[in-house]
2 protein chains.
Amino acid sequence: MSKLNFEKTLIIGIGLIGSSIARAIDKYNISSKIYILDNKESVIKKCSDLKFLEDAKTDIKDFSTQFDLIVISSPLSSYREIFLSLDNFVLKKTLITDVGSTKVSVIKDYIEVCKNNLINFIPSHPIAWLEKSGPEYGFAELFENRYCIITPQKTDEESLSKIKEFWNLLGMKIEIMNAEHHDRVLAMTSHLPQLIAYSIIFTANELEDHIKDEVIKYSAGGLRDFSRLAGSDPIMWRDIYSKNKDSVIEMLGRFTEDLTTLQKAIRNNDVKFLEKAFSSTRKVRKTIEELGQAGSFDPREKNK
Amino acid sequence: MSKLNFEKTLIIGIGLIGSSIARAIDKYNISSKIYILDNKESVIKKCSDLKFLEDAKTDIKDFSTQFDLIVISSPLSSYREIFLSLDNFVLKKTLITDVGSTKVSVIKDYIEVCKNNLINFIPSHPIAWLEKSGPEYGFAELFENRYCIITPQKTDEESLSKIKEFWNLLGMKIEIMNAEHHDRVLAMTSHLPQLIAYSIIFTANELEDHIKDEVIKYSAGGLRDFSRLAGSDPIMWRDIYSKNKDSVIEMLGRFTEDLTTLQKAIRNNDVKFLEKAFSSTRKVRKTIEELGQAGSFDPREKNK
């Protein structure tokens with residue numbers, strides 16, 4: 001197998017994911033030169049430890065070079081504008097992929113805006129994240145052993161192979177899926193859990209002050225697991241709910257039905273029903289652990 | 001300060017918490033002799049690696065000795081029967097504490113059942129756990145840097161000091177609270193999050209088979225954080241909801257209101273509201289981290 005090597009790669013949006021991708025590209029020698037584009041000068045300044053970077057700009061028009069690979073890793077609400085600028089900028093055959101958490105909206109933005117035949121856009125979703133945001137938290141190993149879902153449209157086999165190999169070199173397991181199905185699966189695995197996490201921390205935060213302080217203090221009892229999710233980037237998530245509205249509302253409806261059923265069982269003291277429901281969920285946890293997708297949670301603090 | 005040392009300590013119920021307490025008592029030399037009582041012979045068999053144990057029985061009547069300290073760490077539904085057996089068994093002044101997650105119900109069971117004046121019961125709730133259950137998962141350091149809430153009733157200062165010191169030696173930070181307040185705070189920090197975690201994993205598990213497999217596979221996107229909680233002991237949690245029904249239903253009502261508000265904002269595409277709501281929760285996460293109660297989550301699997 002010939003080793004994948006791009007001459008010039010541009011990362012658009014240099015947050016946690018973008019900086020992790022940049023570090024991984026450098027670590028595994030996937031591109032000879034790595035460039036970044038971020039519309040915030042302040043974010044670019046945080047990348048000063050990334051010595052391998054060739055150049056960094058806040059406006060794509062300021063680059064005097066073209067790229068072989070472009071990876072979009074900015075909030076979903078910025079895609080339309082990015083596609084518009086790429087449509088004008090690209091002057092040679094360019095492979096473009098992204099990391100967006102919704103895929104139908106991304107493809108829609110692309111089709112409506114990009115008319116440039118030199119652009120070959122192959123949408124991806126590497127499912128890997130941390131609750132921290134910002135380039136300073138990135139690390140090259142973020143993607144190891146995680147799944148990357150690719151939702152290709154019309155494309156040639158060679159380009160698709162390159163994108164597959166790219167994520168593969170970052171340590172990811174590749175799956176191909178259609179965009180609509182992706183959005184429905186992710187609504188359940190990611191967008192709904194995140195919304196619920198936000199909601200419960202919001203509820204805790206709205207309690208009267210005297211009880212709120214205690215709630216935070218004793219959060220190790222379970223609430224902290226939600227707070228981890230609720231510490232995520234608000235802009236990123238605001239965009240996801242805006243872009244995957246229908247699937248999220250569908251899954252939320254199912255969740256509310258199940259929660260209401262449990263509430264009724266508690267009210268009626270139906271301990272048999274509760275025990276049965278709680279036992280069934282335990283098996284799901286076991287399967288997640290067996291698949292090696294559980295991560296590891298250590299109750300002891302780091303840096304102690 | 002004189003070092004706390006009991007002559008004989010009995011642990012009733014040798015699950016994750018009970019076995020961790022036994023290991024910690026041994027590690028810190030808090031008791032000369034440690035005994036265990038568990039009504040399941042099969043559970044006692046799992047304790048064969050605890051070489052320091054003096055004796056283990058399935059029926060308290062089979063012990064021919066009395067104890068100085070008894071720690072109840074069995075499901076809440078067993079307390080009434082345990083208090084009844086202790087009421088008959090205890091023949092000398094005995095300090096009793098527990099680890100139960102609800103405190104009003106525990107005190108009610110005690111008052112209604114225990115008439116033996118030699119028993120001095122000081123209810124405790126060490127807030128420390130793992131999603132695993134069973135004595136084989138216990139470890140002495142489980143309690144380090146976690147909070148223990150004590151909800152004393154009428155008791156003498158000396159006995160209360162001993163119980164405080166006991167949890168303190170296990171590494172815990174002590175707080176005194178009244179039982180009703182404890183149950184309300186814990187409904188929010190622990191019982192509601194747990195119920196929601198069960199509910200969402202239940203929802204995932206009820207999906208059509210073809211999508212369910214994928215949901216489990218891609219759970220690293222957020223669902224896995226809930227699955228950790230939902231892997232907890234069903235009996236323990238069934239009992240908690242039965243014993244802390246009113247506070248749980250109150251907090252659940254608040255949560256449902258907030259979730260409905262978020263749902264409406266998503267439906268109306270109110271991105272400003274969403275961004276604001278998601279930003280407020282981020283601060284809660286920071287506070288939890290600053291208090292050293294966040295635990296640490298490593299996205300890399302253990303044993304890889």
# chains A, B, ... in the order shown; residues from 1 in each chain; ligands from 1

$ residues_around --residues "B:Phe202" --least-positions-apart "3" --cutoff "10 Å" --atoms "only C-alpha atoms" --output "PyMOL selection string"
(chain A and resi 255+258-259+277-282+284) or (chain B and resi 196-199+205-207+227+230)

$ interface_residues --of "chain B" --to "chain A" --cutoff "6 Å" --atoms "only C-alpha atoms" --output "PyMOL selection string"
chain B and resi 127+185+189-190+193+199+201-203+215+219-224+227+230-231+234+238+242+255+259+269+271+274-275+278-279+281-282+285+293-301

$ write_last_selection --atoms "N, CA and C atoms" --output "CSV table (one decimal), in the first residue's frame"
chain,number,residue,atom,x,y,z
B,127,ILE,N,-20.7,9.7,49.6
B,127,ILE,CA,-21.0,9.9,48.2
B,127,ILE,C,-19.8,9.4,47.3
B,185,VAL,N,-31.4,17.4,48.1
B,185,VAL,CA,-30.1,17.7,47.4
B,185,VAL,C,-29.7,16.5,46.5
B,189,THR,N,-28.7,15.9,42.6
B,189,THR,CA,-27.3,15.5,42.2
B,189,THR,C,-27.1,14.1,41.8
B,190,SER,N,-28.0,13.2,42.2
B,190,SER,CA,-27.8,11.8,42.0
B,190,SER,C,-29.0,11.1,41.4
B,193,PRO,N,-30.3,12.5,37.8
B,193,PRO,CA,-29.4,12.2,36.7
B,193,PRO,C,-29.4,10.7,36.4
B,199,SER,N,-33.3,6.2,31.6
B,199,SER,CA,-34.3,6.5,30.6
B,199,SER,C,-33.8,6.6,29.2
B,201,ILE,N,-30.9,5.4,27.9
B,201,ILE,CA,-30.4,4.1,27.5
B,201,ILE,C,-31.6,3.2,27.2
B,202,PHE,N,-32.6,3.3,27.9
B,202,PHE,CA,-33.8,2.5,27.7
B,202,PHE,C,-34.4,2.9,26.3
B,203,THR,N,-34.5,4.2,26.0
B,203,THR,CA,-34.9,4.7,24.7
B,203,THR,C,-34.1,4.1,23.6
B,215,VAL,N,-26.5,2.6,17.1
B,215,VAL,CA,-26.5,3.6,18.2
B,215,VAL,C,-25.5,3.1,19.2
B,219,SER,N,-21.7,5.1,20.2
B,219,SER,CA,-22.1,5.8,21.5
B,219,SER,C,-21.0,6.7,22.1
B,220,ALA,N,-19.8,6.7,21.5
B,220,ALA,CA,-18.7,7.5,22.0
B,220,ALA,C,-19.1,9.0,21.9
B,221,GLY,N,-20.1,9.3,21.1
B,221,GLY,CA,-20.5,10.7,20.8
B,221,GLY,C,-21.2,11.3,22.0
B,222,GLY,N,-21.5,10.6,23.1
B,222,GLY,CA,-22.1,11.2,24.2
B,222,GLY,C,-23.0,10.2,25.0
B,223,LEU,N,-23.6,9.3,24.3
B,223,LEU,CA,-24.5,8.3,25.0
B,223,LEU,C,-23.7,7.5,26.0
B,224,ARG,N,-22.4,7.2,25.7
B,224,ARG,CA,-21.6,6.4,26.6
B,224,ARG,C,-21.5,6.9,28.0
B,227,SER,N,-24.4,5.7,29.7
B,227,SER,CA,-24.5,4.3,29.8
B,227,SER,C,-23.7,3.9,31.1
B,230,ALA,N,-26.1,4.1,33.7
B,230,ALA,CA,-27.1,3.1,33.5
B,230,ALA,C,-26.6,1.6,33.7
B,231,GLY,N,-25.3,1.5,33.9
B,231,GLY,CA,-24.7,0.2,34.2
B,231,GLY,C,-24.8,-0.2,35.7
B,234,PRO,N,-29.3,-2.4,39.6
B,234,PRO,CA,-30.8,-2.1,39.5
B,234,PRO,C,-31.5,-2.2,40.8
B,238,ARG,N,-33.7,0.8,42.2
B,238,ARG,CA,-35.1,0.6,42.4
B,238,ARG,C,-35.5,1.1,43.8
B,242,SER,N,-38.0,4.3,45.2
B,242,SER,CA,-39.2,3.9,46.1
B,242,SER,C,-39.1,4.7,47.4
B,255,PHE,N,-37.0,19.5,35.8
B,255,PHE,CA,-36.2,19.1,34.6
B,255,PHE,C,-37.1,19.1,33.3
B,259,LEU,N,-36.5,21.1,29.8
B,259,LEU,CA,-36.3,20.3,28.6
B,259,LEU,C,-37.3,20.8,27.5
B,269,ASN,N,-36.1,27.4,16.1
B,269,ASN,CA,-34.8,27.8,15.6
B,269,ASN,C,-34.3,29.1,16.4
B,271,VAL,N,-31.7,30.2,18.0
B,271,VAL,CA,-30.3,29.9,18.3
B,271,VAL,C,-29.7,30.8,19.4
B,274,LEU,N,-30.6,29.2,22.7
B,274,LEU,CA,-29.8,28.0,22.8
B,274,LEU,C,-28.4,28.3,23.3
B,275,GLU,N,-27.8,29.2,22.6
B,275,GLU,CA,-26.4,29.6,22.9
B,275,GLU,C,-26.2,30.1,24.3
B,278,PHE,N,-26.7,27.2,26.8
B,278,PHE,CA,-25.5,26.3,26.8
B,278,PHE,C,-24.3,26.9,27.4
B,279,SER,N,-24.2,28.3,27.3
B,279,SER,CA,-23.1,28.9,27.9
B,279,SER,C,-23.2,28.9,29.4
B,281,THR,N,-24.5,26.7,31.4
B,281,THR,CA,-24.1,25.4,31.9
B,281,THR,C,-22.6,25.1,32.0
B,282,ARG,N,-21.9,25.8,31.1
B,282,ARG,CA,-20.5,25.6,31.1
B,282,ARG,C,-19.8,26.1,32.4
B,285,ARG,N,-20.0,23.4,35.1
B,285,ARG,CA,-18.9,22.4,34.9
B,285,ARG,C,-17.6,22.9,35.5
B,293,GLN,N,-14.4,17.7,42.1
B,293,GLN,CA,-15.4,16.7,42.2
B,293,GLN,C,-15.7,16.2,40.8
B,294,ALA,N,-14.9,16.5,39.8
B,294,ALA,CA,-15.3,16.1,38.4
B,294,ALA,C,-14.8,14.7,38.1
B,295,GLY,N,-13.9,14.1,38.8
B,295,GLY,CA,-13.3,12.8,38.4
B,295,GLY,C,-12.5,13.1,37.1
B,296,SER,N,-12.0,12.1,36.5
B,296,SER,CA,-11.3,12.3,35.3
B,296,SER,C,-11.7,11.3,34.3
B,297,PHE,N,-12.0,11.8,33.1
B,297,PHE,CA,-12.5,10.9,32.0
B,297,PHE,C,-11.4,10.8,30.9
B,298,ASP,N,-10.9,9.7,30.7
B,298,ASP,CA,-9.9,9.5,29.7
B,298,ASP,C,-10.5,8.8,28.5
B,299,PRO,N,-10.5,9.5,27.3
B,299,PRO,CA,-11.2,8.9,26.1
B,299,PRO,C,-10.5,7.6,25.6
B,300,ARG,N,-9.3,7.4,26.1
B,300,ARG,CA,-8.6,6.2,25.7
B,300,ARG,C,-9.0,5.1,26.6
B,301,GLU,N,-9.3,3.9,26.0
B,301,GLU,CA,-9.7,2.8,26.8
B,301,GLU,C,-8.6,2.3,27.7

$ atom_distance --atom1 "atom CA of A:Ile163" --atom2 "atom CA of A:Lys108"
20.1 Å

$ select_by_dssp --residues "stretch 81-227 of chain B" --states "alpha helix (DSSP H)" --output "PyMOL selection string"
chain B and resi 81-89+104-113+157-169+179-186+192-206+209-217+223-227

$ residues_around --residues "stretch 85-100 of chain A" --least-positions-apart "3" --cutoff "8 Å" --atoms "only C-alpha atoms" --output "PyMOL selection string"
chain A and resi 60-61+66-76+81-82+103+106+113-116+118-126+159+163

$ select_by_dssp --residues "stretch 79-212 of chain B" --states "strand (DSSP E)" --output "PyMOL selection string"
chain B and resi 94-98+119-121+124-126+147-150+173-176

$ write_last_selection --atoms "all heavy atoms" --output "compact mmCIF listing (two decimals), in the first residue's frame"
# COMPACT_ATOMS: atom_id res chain seq x y z
N THR B 94 -23.43 -0.36 71.01
CA THR B 94 -22.91 -0.53 69.65
C THR B 94 -23.18 0.72 68.82
O THR B 94 -24.29 1.24 68.79
CB THR B 94 -23.58 -1.74 68.96
OG1 THR B 94 -23.48 -2.88 69.80
CG2 THR B 94 -22.93 -2.02 67.61
N LEU B 95 -22.14 1.16 68.13
CA LEU B 95 -22.26 2.29 67.22
C LEU B 95 -22.63 1.72 65.85
O LEU B 95 -21.97 0.79 65.36
CB LEU B 95 -20.90 3.00 67.17
CG LEU B 95 -20.85 4.47 66.80
CD1 LEU B 95 -21.85 5.29 67.60
CD2 LEU B 95 -19.42 4.98 67.04
N ILE B 96 -23.70 2.26 65.26
CA ILE B 96 -24.11 1.77 63.94
C ILE B 96 -24.19 2.95 62.98
O ILE B 96 -24.71 4.01 63.33
CB ILE B 96 -25.47 1.05 64.01
CG1 ILE B 96 -25.37 -0.14 64.97
CG2 ILE B 96 -25.92 0.57 62.62
CD1 ILE B 96 -26.63 -1.00 65.07
N THR B 97 -23.64 2.75 61.79
CA THR B 97 -23.82 3.76 60.75
C THR B 97 -24.19 3.02 59.47
O THR B 97 -24.28 1.80 59.45
CB THR B 97 -22.58 4.67 60.58
OG1 THR B 97 -22.91 5.74 59.69
CG2 THR B 97 -21.39 3.90 60.01
N ASP B 98 -24.43 3.79 58.40
CA ASP B 98 -24.84 3.15 57.15
C ASP B 98 -24.32 3.97 55.97
O ASP B 98 -23.64 4.99 56.16
CB ASP B 98 -26.37 3.00 57.07
CG ASP B 98 -27.06 4.30 56.72
OD1 ASP B 98 -26.69 5.34 57.32
OD2 ASP B 98 -27.94 4.30 55.85
N ILE B 119 -28.28 0.43 71.05
CA ILE B 119 -27.93 0.80 69.68
C ILE B 119 -27.86 2.32 69.54
O ILE B 119 -28.80 3.02 69.91
CB ILE B 119 -28.97 0.24 68.67
CG1 ILE B 119 -28.91 -1.29 68.65
CG2 ILE B 119 -28.74 0.80 67.27
CD1 ILE B 119 -29.94 -1.95 67.74
N ASN B 120 -26.75 2.80 69.01
CA ASN B 120 -26.62 4.23 68.71
C ASN B 120 -26.42 4.35 67.20
O ASN B 120 -25.32 4.12 66.69
CB ASN B 120 -25.44 4.81 69.49
CG ASN B 120 -25.37 6.32 69.35
OD1 ASN B 120 -26.16 6.93 68.61
ND2 ASN B 120 -24.43 6.93 70.06
N PHE B 121 -27.50 4.71 66.51
CA PHE B 121 -27.45 4.75 65.03
C PHE B 121 -27.21 6.17 64.53
O PHE B 121 -28.00 7.08 64.81
CB PHE B 121 -28.76 4.19 64.47
CG PHE B 121 -28.86 4.30 62.96
CD1 PHE B 121 -27.86 3.77 62.13
CD2 PHE B 121 -29.94 4.91 62.35
CE1 PHE B 121 -27.94 3.86 60.74
CE2 PHE B 121 -30.04 5.01 60.96
CZ PHE B 121 -29.03 4.49 60.16
N SER B 124 -25.29 7.88 57.81
CA SER B 124 -24.28 8.53 56.96
C SER B 124 -24.57 8.24 55.49
O SER B 124 -25.22 7.27 55.16
CB SER B 124 -22.88 7.96 57.25
OG SER B 124 -22.55 8.08 58.59
N HIS B 125 -24.03 9.09 54.64
CA HIS B 125 -24.08 8.81 53.21
C HIS B 125 -22.75 9.21 52.57
O HIS B 125 -22.56 10.36 52.20
CB HIS B 125 -25.25 9.56 52.55
CG HIS B 125 -25.32 9.29 51.07
ND1 HIS B 125 -26.00 10.10 50.21
CD2 HIS B 125 -24.79 8.30 50.32
CE1 HIS B 125 -25.88 9.62 48.97
NE2 HIS B 125 -25.16 8.53 49.01
N PRO B 126 -21.85 8.25 52.47
CA PRO B 126 -20.60 8.52 51.76
C PRO B 126 -20.88 8.56 50.25
O PRO B 126 -21.31 7.56 49.69
CB PRO B 126 -19.71 7.32 52.11
CG PRO B 126 -20.67 6.22 52.45
CD PRO B 126 -21.95 6.86 52.93
N TYR B 147 -17.20 13.53 49.43
CA TYR B 147 -17.94 14.01 50.59
C TYR B 147 -18.71 12.88 51.27
O TYR B 147 -19.23 11.99 50.61
CB TYR B 147 -18.95 15.08 50.17
CG TYR B 147 -18.30 16.40 49.83
CD1 TYR B 147 -18.05 16.75 48.51
CD2 TYR B 147 -17.92 17.28 50.84
CE1 TYR B 147 -17.44 17.96 48.19
CE2 TYR B 147 -17.31 18.49 50.54
CZ TYR B 147 -17.08 18.83 49.21
OH TYR B 147 -16.48 20.02 48.92
N CYS B 148 -18.80 12.97 52.60
CA CYS B 148 -19.69 12.10 53.34
C CYS B 148 -20.66 12.99 54.11
O CYS B 148 -20.25 13.84 54.90
CB CYS B 148 -18.91 11.21 54.31
SG CYS B 148 -19.99 10.10 55.23
N ILE B 149 -21.95 12.81 53.85
CA ILE B 149 -22.96 13.60 54.56
C ILE B 149 -23.49 12.77 55.73
O ILE B 149 -23.95 11.64 55.54
CB ILE B 149 -24.12 14.00 53.63
CG1 ILE B 149 -23.58 14.84 52.45
CG2 ILE B 149 -25.20 14.76 54.39
CD1 ILE B 149 -24.63 15.19 51.41
N ILE B 150 -23.39 13.34 56.93
CA ILE B 150 -23.92 12.67 58.12
C ILE B 150 -25.20 13.40 58.53
O ILE B 150 -25.23 14.63 58.55
CB ILE B 150 -22.88 12.67 59.27
CG1 ILE B 150 -21.58 11.98 58.79
CG2 ILE B 150 -23.42 11.99 60.51
CD1 ILE B 150 -20.46 11.97 59.82
N LYS B 173 -14.46 14.02 53.14
CA LYS B 173 -14.75 15.32 53.72
C LYS B 173 -16.15 15.25 54.32
O LYS B 173 -17.10 14.85 53.64
CB LYS B 173 -14.68 16.39 52.63
CG LYS B 173 -13.29 16.51 52.01
CD LYS B 173 -13.22 17.63 50.99
CE LYS B 173 -13.60 17.11 49.62
NZ LYS B 173 -13.25 18.06 48.53
N ILE B 174 -16.26 15.67 55.59
CA ILE B 174 -17.52 15.46 56.32
C ILE B 174 -18.42 16.69 56.25
O ILE B 174 -17.97 17.82 56.43
CB ILE B 174 -17.23 15.15 57.81
CG1 ILE B 174 -16.16 14.06 57.94
CG2 ILE B 174 -18.51 14.80 58.55
CD1 ILE B 174 -16.50 12.74 57.30
N GLU B 175 -19.72 16.47 56.05
CA GLU B 175 -20.71 17.54 56.14
C GLU B 175 -21.87 17.02 56.99
O GLU B 175 -22.25 15.86 56.90
CB GLU B 175 -21.25 17.88 54.74
CG GLU B 175 -20.21 18.41 53.78
CD GLU B 175 -19.82 19.86 54.06
OE1 GLU B 175 -20.62 20.60 54.67
OE2 GLU B 175 -18.70 20.26 53.66
N ILE B 176 -22.41 17.93 57.80
CA ILE B 176 -23.58 17.57 58.61
C ILE B 176 -24.81 18.22 57.98
O ILE B 176 -24.76 19.39 57.58
CB ILE B 176 -23.41 18.06 60.07
CG1 ILE B 176 -22.13 17.50 60.71
CG2 ILE B 176 -24.65 17.72 60.92
CD1 ILE B 176 -22.13 16.02 61.00

$ atom_distance --atom1 "atom CA of B:Lys40" --atom2 "atom CA of B:Ala24"
22.2 Å

$ residues_around --residues "B:Tyr110" --least-positions-apart "5" --cutoff "9 Å" --atoms "only C-alpha atoms" --output "list in words"
Tyr79, Arg80, Phe83, Leu84, Ser105, Lys115 and Phe121 of chain B

$ write_last_selection --atoms "all heavy atoms" --output "compact mmCIF listing (two decimals), in the first residue's frame"
# COMPACT_ATOMS: atom_id res chain seq x y z
N TYR B 79 -33.25 -2.59 54.94
CA TYR B 79 -32.95 -1.93 56.23
C TYR B 79 -33.89 -2.34 57.35
O TYR B 79 -33.48 -2.57 58.48
CB TYR B 79 -33.00 -0.40 56.07
CG TYR B 79 -31.69 0.22 55.63
CD1 TYR B 79 -31.03 -0.21 54.49
CD2 TYR B 79 -31.10 1.24 56.38
CE1 TYR B 79 -29.84 0.38 54.08
CE2 TYR B 79 -29.91 1.83 55.98
CZ TYR B 79 -29.28 1.39 54.83
OH TYR B 79 -28.11 1.97 54.44
N ARG B 80 -35.18 -2.40 57.04
CA ARG B 80 -36.17 -2.67 58.08
C ARG B 80 -35.89 -4.01 58.76
O ARG B 80 -35.84 -4.11 59.99
CB ARG B 80 -37.56 -2.67 57.45
CG ARG B 80 -38.61 -2.10 58.35
CD ARG B 80 -39.95 -2.03 57.65
NE ARG B 80 -40.98 -1.83 58.65
CZ ARG B 80 -41.31 -0.65 59.14
NH1 ARG B 80 -40.72 0.44 58.71
NH2 ARG B 80 -42.23 -0.55 60.08
N PHE B 83 -32.62 -3.79 60.80
CA PHE B 83 -32.83 -3.13 62.10
C PHE B 83 -33.54 -4.06 63.08
O PHE B 83 -33.23 -4.10 64.28
CB PHE B 83 -33.63 -1.84 61.93
CG PHE B 83 -32.80 -0.68 61.41
CD1 PHE B 83 -33.28 0.13 60.38
CD2 PHE B 83 -31.56 -0.37 61.96
CE1 PHE B 83 -32.53 1.21 59.91
CE2 PHE B 83 -30.81 0.71 61.50
CZ PHE B 83 -31.29 1.49 60.47
N LEU B 84 -34.49 -4.82 62.56
CA LEU B 84 -35.23 -5.78 63.39
C LEU B 84 -34.28 -6.83 63.96
O LEU B 84 -34.31 -7.11 65.17
CB LEU B 84 -36.30 -6.45 62.51
CG LEU B 84 -37.56 -6.97 63.19
CD1 LEU B 84 -38.28 -5.85 63.95
CD2 LEU B 84 -38.53 -7.55 62.13
N SER B 105 -36.03 7.91 54.84
CA SER B 105 -36.61 6.56 54.92
C SER B 105 -35.83 5.68 55.89
O SER B 105 -36.40 4.87 56.61
CB SER B 105 -36.63 5.92 53.54
OG SER B 105 -35.33 5.53 53.15
N LYS B 115 -35.91 -0.61 69.16
CA LYS B 115 -36.28 -0.15 70.50
C LYS B 115 -35.15 -0.39 71.49
O LYS B 115 -35.25 -0.06 72.67
CB LYS B 115 -37.54 -0.91 70.97
CG LYS B 115 -38.72 -0.84 69.99
CD LYS B 115 -39.21 0.60 69.77
CE LYS B 115 -40.25 0.64 68.66
NZ LYS B 115 -40.52 2.01 68.18
N PHE B 121 -27.50 4.71 66.51
CA PHE B 121 -27.45 4.75 65.03
C PHE B 121 -27.21 6.17 64.53
O PHE B 121 -28.00 7.08 64.81
CB PHE B 121 -28.76 4.19 64.47
CG PHE B 121 -28.86 4.30 62.96
CD1 PHE B 121 -27.86 3.77 62.13
CD2 PHE B 121 -29.94 4.91 62.35
CE1 PHE B 121 -27.94 3.86 60.74
CE2 PHE B 121 -30.04 5.01 60.96
CZ PHE B 121 -29.03 4.49 60.16
